[in-house]
file input26.txt (compact mmCIF, C-alpha atoms)
# COMPACT_ATOMS: atom_id res chain seq x y z
CA MET U 1 116.81 206.02 108.60
CA LYS U 2 118.74 207.75 105.84
CA LEU U 3 117.03 210.16 103.47
CA TYR U 4 118.75 210.65 100.11
CA HIS U 5 117.21 213.86 98.83
CA GLY U 6 117.56 217.16 97.01
CA TRP U 7 117.05 220.37 98.94
CA LEU U 8 115.14 221.93 96.04
CA SER U 9 113.28 218.80 94.92
CA SER U 10 109.51 219.08 95.46
CA ALA U 11 109.23 215.35 96.20
CA SER U 12 112.10 215.53 98.68
CA ARG U 13 110.50 218.50 100.39
CA ARG U 14 107.29 216.50 100.72
CA VAL U 15 109.08 213.69 102.56
CA ARG U 16 111.04 216.09 104.79
CA LEU U 17 107.75 217.72 105.79
CA CYS U 18 106.27 214.34 106.67
CA LEU U 19 109.31 213.36 108.73
CA ALA U 20 109.20 216.70 110.54
CA GLU U 21 105.48 216.39 111.31
CA LYS U 22 106.13 212.92 112.71
CA GLY U 23 109.13 214.10 114.71
CA LEU U 24 111.23 211.27 113.29
CA PRO U 25 115.05 211.44 113.36
CA TYR U 26 116.92 210.63 110.17
CA GLU U 27 120.29 211.12 108.53
CA SER U 28 120.17 213.70 105.76
CA ILE U 29 122.19 212.75 102.66
CA PRO U 30 121.87 215.48 100.01
CA ILE U 31 122.09 214.36 96.39
CA ASP U 32 123.70 216.68 93.82
CA MET U 33 121.38 216.41 90.84
CA GLY U 34 123.59 218.67 88.73
CA ARG U 35 126.31 216.06 89.01
CA GLN U 36 123.72 213.33 88.47
CA GLU U 37 124.52 211.53 91.70
CA HIS U 38 121.01 210.07 91.53
CA HIS U 39 122.04 208.16 88.40
CA SER U 40 124.97 206.38 90.03
CA PRO U 41 124.81 202.57 90.36
CA ALA U 42 124.68 202.81 94.15
CA TYR U 43 121.72 205.17 94.10
CA LEU U 44 119.89 203.26 91.38
CA ALA U 45 120.10 200.17 93.58
CA MET U 46 117.87 202.06 96.04
CA ASN U 47 115.68 203.87 93.53
CA PRO U 48 115.64 202.28 90.06
CA ASN U 49 113.75 205.29 88.67
CA GLY U 50 116.81 207.47 89.26
CA VAL U 51 114.94 210.33 90.94
CA VAL U 52 114.95 211.75 94.46
CA PRO U 53 114.15 210.98 97.19
CA ALA U 54 114.99 207.51 98.43
CA LEU U 55 114.63 206.38 102.03
CA ARG U 56 116.99 203.72 103.37
CA LEU U 57 115.36 202.02 106.32
CA ASP U 58 117.04 200.71 109.45
CA ASP U 59 116.69 197.12 108.22
CA GLY U 60 118.50 197.90 104.95
CA HIS U 61 115.40 198.03 102.75
CA SER U 62 114.80 201.09 100.59
CA LEU U 63 111.67 202.96 99.58
CA TYR U 64 111.07 205.45 96.79
CA GLU U 65 108.15 207.52 95.46
CA SER U 66 107.42 210.33 97.89
CA SER U 67 103.72 209.49 98.30
CA THR U 68 104.59 205.88 99.12
CA ILE U 69 107.25 206.94 101.62
CA CYS U 70 104.83 209.31 103.37
CA GLU U 71 102.12 206.67 103.68
CA TYR U 72 104.68 204.16 104.95
CA LEU U 73 105.80 206.59 107.63
CA ASP U 74 102.19 207.18 108.65
CA ASP U 75 101.64 203.42 108.87
CA LEU U 76 104.79 202.90 110.90
CA HIS U 77 104.22 205.87 113.22
CA PRO U 78 100.45 206.48 113.27
CA LEU U 79 100.58 209.43 115.67
CA PRO U 80 100.10 212.16 114.82
CA SER U 81 97.94 210.80 112.02
CA LEU U 82 98.46 212.40 108.62
CA ARG U 83 95.58 210.61 106.87
CA PRO U 84 91.83 211.02 107.34
CA ALA U 85 90.13 208.32 109.39
CA ASP U 86 87.28 208.08 106.89
CA ALA U 87 87.98 205.65 104.01
CA TYR U 88 86.38 207.89 101.38
CA GLU U 89 88.38 210.91 102.50
CA ARG U 90 91.58 208.83 102.38
CA ALA U 91 90.74 207.98 98.77
CA VAL U 92 90.16 211.66 98.00
CA MET U 93 93.51 212.45 99.60
CA ARG U 94 95.30 209.89 97.41
CA ASN U 95 93.60 211.19 94.29
CA PHE U 96 94.72 214.72 95.09
CA VAL U 97 98.32 213.64 95.72
CA ARG U 98 98.29 211.82 92.39
CA TRP U 99 96.80 214.90 90.71
CA THR U 100 99.68 217.07 91.91
CA ASP U 101 102.19 214.53 90.59
CA GLU U 102 100.52 214.28 87.19
CA LYS U 103 99.19 217.81 86.64
CA SER U 104 101.49 220.12 88.63
CA LEU U 105 104.91 218.45 88.73
CA PRO U 106 105.63 218.47 84.96
CA HIS U 107 105.12 222.24 84.83
CA LEU U 108 107.15 222.86 87.95
CA LEU U 109 110.05 220.86 86.49
CA VAL U 110 110.13 223.15 83.45
CA LEU U 111 110.49 226.18 85.73
CA ASN U 112 112.89 224.66 88.26
CA TRP U 113 115.19 222.79 85.89
CA SER U 114 115.56 225.85 83.66
CA ILE U 115 117.10 227.65 86.62
CA ALA U 116 118.84 224.94 88.60
CA LEU U 117 120.10 222.43 86.01
CA GLN U 118 120.07 223.96 82.53
CA PRO U 119 123.13 226.21 82.98
CA GLY U 120 125.35 223.26 83.84
CA ALA U 121 123.84 220.79 81.37
CA SER U 122 124.25 223.20 78.49
CA GLN U 123 128.04 223.14 79.03
CA TRP U 124 128.39 219.40 78.46
CA SER U 125 130.07 218.24 75.28
CA ASP U 126 128.16 215.88 73.02
CA ALA U 127 130.21 212.96 74.33
CA GLN U 128 129.56 213.95 77.94
CA LEU U 129 125.86 214.33 77.24
CA GLN U 130 125.58 210.89 75.66
CA ASP U 131 127.45 209.35 78.59
CA LYS U 132 125.15 210.99 81.09
CA LEU U 133 122.00 210.10 79.16
CA SER U 134 123.08 206.47 79.07
CA ARG U 135 122.86 206.34 82.87
CA ILE U 136 119.30 207.69 83.11
CA PRO U 137 116.89 204.76 83.53
CA THR U 138 113.67 206.29 82.17
CA ALA U 139 112.92 207.64 78.70
CA GLU U 140 110.91 210.53 80.15
CA ARG U 141 113.81 211.84 82.21
CA ARG U 142 116.33 211.26 79.38
CA GLU U 143 114.18 213.48 77.20
CA ALA U 144 113.99 216.14 79.91
CA TRP U 145 117.78 216.20 80.38
CA LEU U 146 118.36 216.28 76.63
CA ARG U 147 115.96 219.17 76.36
CA ILE U 148 117.65 221.39 78.93
CA ALA U 149 121.11 220.50 77.63
CA ARG U 150 120.46 221.29 73.98
CA GLN U 151 117.13 223.07 73.59
CA PRO U 152 116.38 225.20 76.66
CA TYR U 153 112.77 226.09 77.32
CA THR U 154 111.74 229.40 75.80
CA ALA U 155 110.26 232.31 77.73
CA GLU U 156 106.90 231.47 76.18
CA GLU U 157 107.11 227.85 77.32
CA LYS U 158 108.03 228.88 80.84
CA ALA U 159 105.16 231.37 80.96
CA ALA U 160 102.78 228.64 79.82
CA ALA U 161 104.16 226.25 82.45
CA LEU U 162 103.56 228.82 85.18
CA ASP U 163 100.03 229.45 83.96
CA LYS U 164 99.27 225.71 84.08
CA LEU U 165 100.89 225.40 87.51
CA LEU U 166 98.51 228.05 88.84
CA ALA U 167 95.60 225.69 88.12
CA LEU U 168 96.55 224.04 91.41
CA LEU U 169 95.38 227.11 93.30
CA ASP U 170 91.92 226.97 91.75
CA LYS U 171 91.60 223.30 92.67
CA MET U 172 92.72 223.98 96.23
CA GLU U 173 90.39 226.96 96.57
CA ALA U 174 87.43 224.69 95.87
CA MET U 175 88.70 221.96 98.20
CA LEU U 176 89.10 224.43 101.07
CA GLU U 177 85.48 225.53 101.04
CA GLY U 178 84.19 225.06 104.55
CA GLY U 179 87.44 223.91 106.14
CA ASP U 180 91.00 224.81 107.09
CA TRP U 181 92.64 221.84 105.36
CA LEU U 182 92.37 220.22 101.95
CA VAL U 183 90.77 216.88 102.86
CA GLY U 184 88.66 216.26 105.94
CA ALA U 185 88.90 218.14 109.20
CA GLY U 186 92.64 217.79 109.80
CA TYR U 187 96.01 218.48 108.26
CA SER U 188 96.96 215.54 106.07
CA LEU U 189 99.30 214.20 103.39
CA ALA U 190 97.17 216.11 100.89
CA ASP U 191 98.33 219.37 102.45
CA ILE U 192 101.93 218.13 102.55
CA ALA U 193 101.73 217.24 98.86
CA ALA U 194 100.63 220.75 97.94
CA VAL U 195 103.16 222.66 100.04
CA PRO U 196 106.22 222.44 97.73
CA PHE U 197 104.19 223.65 94.76
CA VAL U 198 102.59 226.54 96.60
CA ALA U 199 105.98 227.51 98.03
CA ARG U 200 107.31 227.95 94.48
CA ILE U 201 104.18 229.76 93.34
CA ALA U 202 104.66 232.18 96.24
CA GLU U 203 108.12 232.96 94.84
CA LEU U 204 107.29 232.96 91.12
CA ALA U 205 103.88 234.64 91.19
CA PRO U 206 103.19 236.07 94.66
CA ASP U 207 100.15 238.03 93.43
CA ALA U 208 98.46 234.71 92.64
CA LEU U 209 98.26 234.07 96.38
CA SER U 210 96.53 237.33 97.16
CA THR U 211 93.40 237.27 99.29
CA THR U 212 91.44 238.77 96.39
CA ARG U 213 92.34 235.95 93.97
CA CYS U 214 92.23 232.94 96.29
CA ALA U 215 91.44 233.92 99.87
CA ARG U 216 91.12 230.35 101.13
CA VAL U 217 94.48 229.26 99.76
CA ALA U 218 96.09 232.43 101.14
CA GLY U 219 94.75 231.55 104.60
CA TRP U 220 95.87 227.93 104.19
CA TRP U 221 99.37 229.07 103.21
CA ALA U 222 99.59 231.28 106.29
CA ARG U 223 98.59 228.35 108.51
CA ILE U 224 101.12 226.06 106.81
CA GLN U 225 104.00 228.44 107.46
CA GLN U 226 103.06 228.67 111.15
CA ARG U 227 103.51 224.92 111.67
CA PRO U 228 106.85 224.07 113.35
CA ALA U 229 107.48 221.32 110.77
CA PHE U 230 107.58 223.89 107.99
CA ALA U 231 110.74 225.47 109.39
CA GLN U 232 112.23 222.09 110.32
CA ALA U 233 111.83 220.79 106.75
CA ARG U 234 113.95 223.67 105.39
CA LEU U 235 111.95 224.86 102.42
CA GLU U 236 114.26 227.77 101.73
CA ARG U 237 113.55 230.15 98.88
CA PHE U 238 114.69 228.68 95.60
CA ASP U 239 116.80 231.69 94.61
CA ALA U 240 118.50 231.87 98.00
CA ALA U 241 119.32 228.16 97.94
CA LEU U 242 120.80 228.47 94.44
CA ARG U 243 122.98 231.40 95.51
CA GLN U 244 124.24 229.36 98.45
CA ARG U 245 124.93 226.39 96.16
CA ASP U 246 126.79 228.49 93.61
CA SER U 247 128.80 230.23 96.31
CA ALA U 248 129.85 226.89 97.79
CA ALA U 249 130.85 225.62 94.34
CA THR U 250 132.93 228.74 93.69
CA THR U 251 134.68 228.39 97.04
CA ALA U 252 135.41 224.71 96.39
CA THR U 253 136.85 225.51 92.95
CA ALA U 254 139.05 228.25 94.35
CA THR U 255 140.29 226.00 97.14
CA ALA U 256 141.13 223.21 94.71
CA ALA U 257 142.99 225.64 92.44
CA ALA U 258 144.99 226.99 95.36
CA GLN U 259 146.00 223.48 96.43
CA SER U 260 147.07 222.38 92.94

call {"tool": "encode", "arguments": {"input": "input26.txt", "output": "structure tokens"}}
result
Amino acid sequence: MKLYHGWLSSASRRVRLCLAEKGLPYESIPIDMGRQEHHSPAYLAMNPNGVVPALRLDDGHSLYESSTICEYLDDLHPLPSLRPADAYERAVMRNFVRWTDEKSLPHLLVLNWSIALQPGASQWSDAQLQDKLSRIPTAERREAWLRIARQPYTAEEKAAALDKLLALLDKMEAMLEGGDWLVGAGYSLADIAAVPFVARIAELAPDALSTTRCARVAGWWARIQQRPAFAQARLERFDAALRQRDSAATTATATAAAQS
């Protein structure tokens, strides 16, 4: 299998965690979102929504939507199981995954894109911007790219986004009452769905994960980081990954200049 993904993408991190938990080998193909590689014709043929990740299967078929990919992998390789055996608990799991996509992801994008994509997008000329927008398949994402390119989020908007993102912790705190994991007795795709968001909260607002504010989530987060798959999925700190990216870009520019 080939995973087309972004190292900092929350959805990509979710799929990498699932693959690591399953112990499945795959070819990693990083997508440069700043250069809009996910809006190229070749990529759109795999994922018509123009977002990461996309999974190219051995038979040539492609899958997109991280929750769909994770459930497919659990169907294809049922051990270790990442879904509750009970039908009701599986439904609760799916509802929670959907909740994170609808209620947490929009706020995380405000915070992440402002750091990772806005500096580059703001440098595009009007002609470049229109060309790039024309390749984006969904109105929602065109609006998001237009926003960071021409009207960056204010400090007040980013503070509000973080405040709304923290609502996830309250929801998780209630779900963890009486158990180590979010749904049922075992670690599941619900936990995997939450990990990328909590990882960013731990960087942006570490005090929010204190044992006095949300003791159950703090314990859950400690257990998550002890799982071997967490290290294998490479959920590096956002700031460290950006420094590495910028350093690589600077080196590449200097090399190209020296060769010209």

call {"tool": "closest_residue", "arguments": {"input": "input26.txt", "among": "U:Gly6, U:Gly50, U:Gly219, U:Pro206", "to": "U:Leu133", "atoms": "all atoms listed in the file"}}
result
U:Gly50

call {"tool": "atom_distance", "arguments": {"input": "input26.txt", "atom1": "atom CA of U:Ala241", "atom2": "atom CA of U:Ser188"}}
result
26.9 Å

call {"tool": "residues_near_point", "arguments": {"input": "input26.txt", "point": "(110.8, 208.1, 93.9)", "cutoff": "7 Å", "atoms": "all atoms listed in the file", "output": "mmCIF file with C-alpha atoms, keeping the file's coordinate frame"}}
result
data_model
loop_
_atom_site.group_PDB
_atom_site.id
_atom_site.type_symbol
_atom_site.label_atom_id
_atom_site.label_comp_id
_atom_site.auth_asym_id
_atom_site.auth_seq_id
_atom_site.Cartn_x
_atom_site.Cartn_y
_atom_site.Cartn_z
ATOM 1 C CA ASN U 47 115.680 203.870 93.530
ATOM 2 C CA ASN U 49 113.750 205.290 88.670
ATOM 3 C CA VAL U 51 114.940 210.330 90.940
ATOM 4 C CA VAL U 52 114.950 211.750 94.460
ATOM 5 C CA PRO U 53 114.150 210.980 97.190
ATOM 6 C CA ALA U 54 114.990 207.510 98.430
ATOM 7 C CA TYR U 64 111.070 205.450 96.790
ATOM 8 C CA GLU U 65 108.150 207.520 95.460
ATOM 9 C CA SER U 66 107.420 210.330 97.890
#

call {"tool": "atom_distance", "arguments": {"input": "input26.txt", "atom1": "atom CA of U:Ala144", "atom2": "atom CA of U:Ala121"}}
result
11.0 Å

call {"tool": "atom_distance", "arguments": {"input": "input26.txt", "atom1": "atom CA of U:Gln226", "atom2": "atom CA of U:Ile115"}}
result
28.3 Å

call {"tool": "closest_atom_pairs", "arguments": {"input": "input26.txt", "of": "stretch 1-114 of chain U", "to": "stretch 151-167 of chain U", "cutoff": "7 Å", "atoms": "all atoms listed in the file", "output": "JSON lines"}}
result
{"residue": "U:Ser104", "atom": "CA", "partner": "U:Leu165", "partner_atom": "CA", "distance": 5.4}
{"residue": "U:His107", "atom": "CA", "partner": "U:Ala161", "partner_atom": "CA", "distance": 4.8}
{"residue": "U:Leu108", "atom": "CA", "partner": "U:Leu165", "partner_atom": "CA", "distance": 6.8}
{"residue": "U:Val110", "atom": "CA", "partner": "U:Lys158", "partner_atom": "CA", "distance": 6.6}
{"residue": "U:Leu111", "atom": "CA", "partner": "U:Lys158", "partner_atom": "CA", "distance": 6.1}
{"residue": "U:Ser114", "atom": "CA", "partner": "U:Tyr153", "partner_atom": "CA", "distance": 6.9}

call {"tool": "write_last_selection", "arguments": {"input": "input26.txt", "atoms": "C-alpha atoms", "output": "PDB file, in the frame of the given file"}}
result
ATOM      1  CA  SER U 104     101.490 220.120  88.630  1.00  0.00           C
ATOM      2  CA  HIS U 107     105.120 222.240  84.830  1.00  0.00           C
ATOM      3  CA  LEU U 108     107.150 222.860  87.950  1.00  0.00           C
ATOM      4  CA  VAL U 110     110.130 223.150  83.450  1.00  0.00           C
ATOM      5  CA  LEU U 111     110.490 226.180  85.730  1.00  0.00           C
ATOM      6  CA  SER U 114     115.560 225.850  83.660  1.00  0.00           C
TER       7      SER U 114
END

call {"tool": "closest_residue", "arguments": {"input": "input26.txt", "among": "U:Leu189, U:Glu102, U:Arg147, U:Tyr43", "to": "U:Tyr72", "atoms": "all atoms listed in the file"}}
result
U:Leu189

call {"tool": "closest_residue", "arguments": {"input": "input26.txt", "among": "U:Ala116, U:Cys70, U:Ala20, U:Ala240", "to": "U:Arg227", "atoms": "only C-alpha atoms"}}
result
U:Ala20

call {"tool": "residues_near_point", "arguments": {"input": "input26.txt", "point": "(112.3, 203.1, 110.2)", "cutoff": "8 Å", "atoms": "only C-alpha atoms", "output": "list in words"}}
result
Met1, Leu57, Asp58, Asp59, Leu73 and Leu76 of chain U

call {"tool": "closest_residue", "arguments": {"input": "input26.txt", "among": "U:Leu129, U:Pro137, U:Ala91, U:Pro106", "to": "U:Ser40", "atoms": "all atoms listed in the file"}}
result
U:Pro137

call {"tool": "residues_around", "arguments": {"input": "input26.txt", "residues": "U:Ser81", "least_positions_apart": "6", "cutoff": "9 Å", "atoms": "all atoms listed in the file", "output": "PyMOL selection string"}}
result
chain U and resi 22+74-75+187-188

call {"tool": "write_last_selection", "arguments": {"input": "input26.txt", "atoms": "C-alpha atoms", "output": "PDB file, keeping the file's coordinate frame"}}
result
ATOM      1  CA  LYS U  22     106.130 212.920 112.710  1.00  0.00           C
ATOM      2  CA  ASP U  74     102.190 207.180 108.650  1.00  0.00           C
ATOM      3  CA  ASP U  75     101.640 203.420 108.870  1.00  0.00           C
ATOM      4  CA  TYR U 187      96.010 218.480 108.260  1.00  0.00           C
ATOM      5  CA  SER U 188      96.960 215.540 106.070  1.00  0.00           C
TER       6      SER U 188
END

call {"tool": "closest_residue", "arguments": {"input": "input26.txt", "among": "U:Asp180, U:Glu143, U:Glu173, U:Asp239", "to": "U:Thr211", "atoms": "all atoms listed in the file"}}
result
U:Glu173

call {"tool": "closest_residue", "arguments": {"input": "input26.txt", "among": "U:Val97, U:Ser62, U:Ser67, U:Gly34", "to": "U:Ile148", "atoms": "only C-alpha atoms"}}
result
U:Gly34

call {"tool": "residues_around", "arguments": {"input": "input26.txt", "residues": "U:Ala208", "least_positions_apart": "4", "cutoff": "10 Å", "atoms": "all atoms listed in the file", "output": "ChimeraX atom specification"}}
result
/U:166,169,198,201-202,204,212-214,217-218

call {"tool": "residues_around", "arguments": {"input": "input26.txt", "residues": "U:Gly23", "least_positions_apart": "3", "cutoff": "10 Å", "atoms": "only C-alpha atoms", "output": "list in words"}}
result
Leu17, Cys18, Leu19, Ala20, Tyr26, His77, Leu79, Pro80, Ala229 and Gln232 of chain U

call {"tool": "write_last_selection", "arguments": {"input": "input26.txt", "atoms": "C-alpha atoms", "output": "compact mmCIF listing (two decimals), in the coordinates of the input"}}
result
# COMPACT_ATOMS: atom_id res chain seq x y z
CA LEU U 17 107.75 217.72 105.79
CA CYS U 18 106.27 214.34 106.67
CA LEU U 19 109.31 213.36 108.73
CA ALA U 20 109.20 216.70 110.54
CA TYR U 26 116.92 210.63 110.17
CA HIS U 77 104.22 205.87 113.22
CA LEU U 79 100.58 209.43 115.67
CA PRO U 80 100.10 212.16 114.82
CA ALA U 229 107.48 221.32 110.77
CA GLN U 232 112.23 222.09 110.32

call {"tool": "residues_around", "arguments": {"input": "input26.txt", "residues": "U:Ile29", "least_positions_apart": "3", "cutoff": "7 Å", "atoms": "all atoms listed in the file", "output": "list in words"}}
result
Lys2, Leu3, Tyr4 and His5 of chain U

call {"tool": "write_last_selection", "arguments": {"input": "input26.txt", "atoms": "C-alpha atoms", "output": "CSV table (one decimal), in the coordinates of the input"}}
result
chain,number,residue,atom,x,y,z
U,2,LYS,CA,118.7,207.8,105.8
U,3,LEU,CA,117.0,210.2,103.5
U,4,TYR,CA,118.8,210.6,100.1
U,5,HIS,CA,117.2,213.9,98.8

call {"tool": "residues_around", "arguments": {"input": "input26.txt", "residues": "U:Gly186", "least_positions_apart": "2", "cutoff": "12 Å", "atoms": "only C-alpha atoms", "output": "PyMOL selection string"}}
result
chain U and resi 80-86+89-90+93+176+179-184+188-192

call {"tool": "decode", "arguments": {"input": "input26.txt", "residues": "stretch 143-156 of chain U", "atoms": "C-alpha atoms", "output": "mmCIF file, in the first residue's frame"}}
result
data_model
loop_
_atom_site.group_PDB
_atom_site.id
_atom_site.type_symbol
_atom_site.label_atom_id
_atom_site.label_comp_id
_atom_site.auth_asym_id
_atom_site.auth_seq_id
_atom_site.Cartn_x
_atom_site.Cartn_y
_atom_site.Cartn_z
ATOM 1 C CA GLU U 143 -12.604 29.806 1.000
ATOM 2 C CA ALA U 144 -10.069 28.617 3.579
ATOM 3 C CA TRP U 145 -7.128 29.127 1.201
ATOM 4 C CA LEU U 146 -8.434 32.537 0.138
ATOM 5 C CA ARG U 147 -8.737 33.506 3.770
ATOM 6 C CA ILE U 148 -5.169 32.681 4.747
ATOM 7 C CA ALA U 149 -3.789 34.211 1.560
ATOM 8 C CA ARG U 150 -5.540 37.564 1.845
ATOM 9 C CA GLN U 151 -7.152 37.918 5.265
ATOM 10 C CA PRO U 152 -5.132 36.048 7.900
ATOM 11 C CA TYR U 153 -6.909 35.030 11.069
ATOM 12 C CA THR U 154 -6.613 37.583 13.851
ATOM 13 C CA ALA U 155 -5.230 36.877 17.303
ATOM 14 C CA GLU U 156 -8.787 37.055 18.627
#
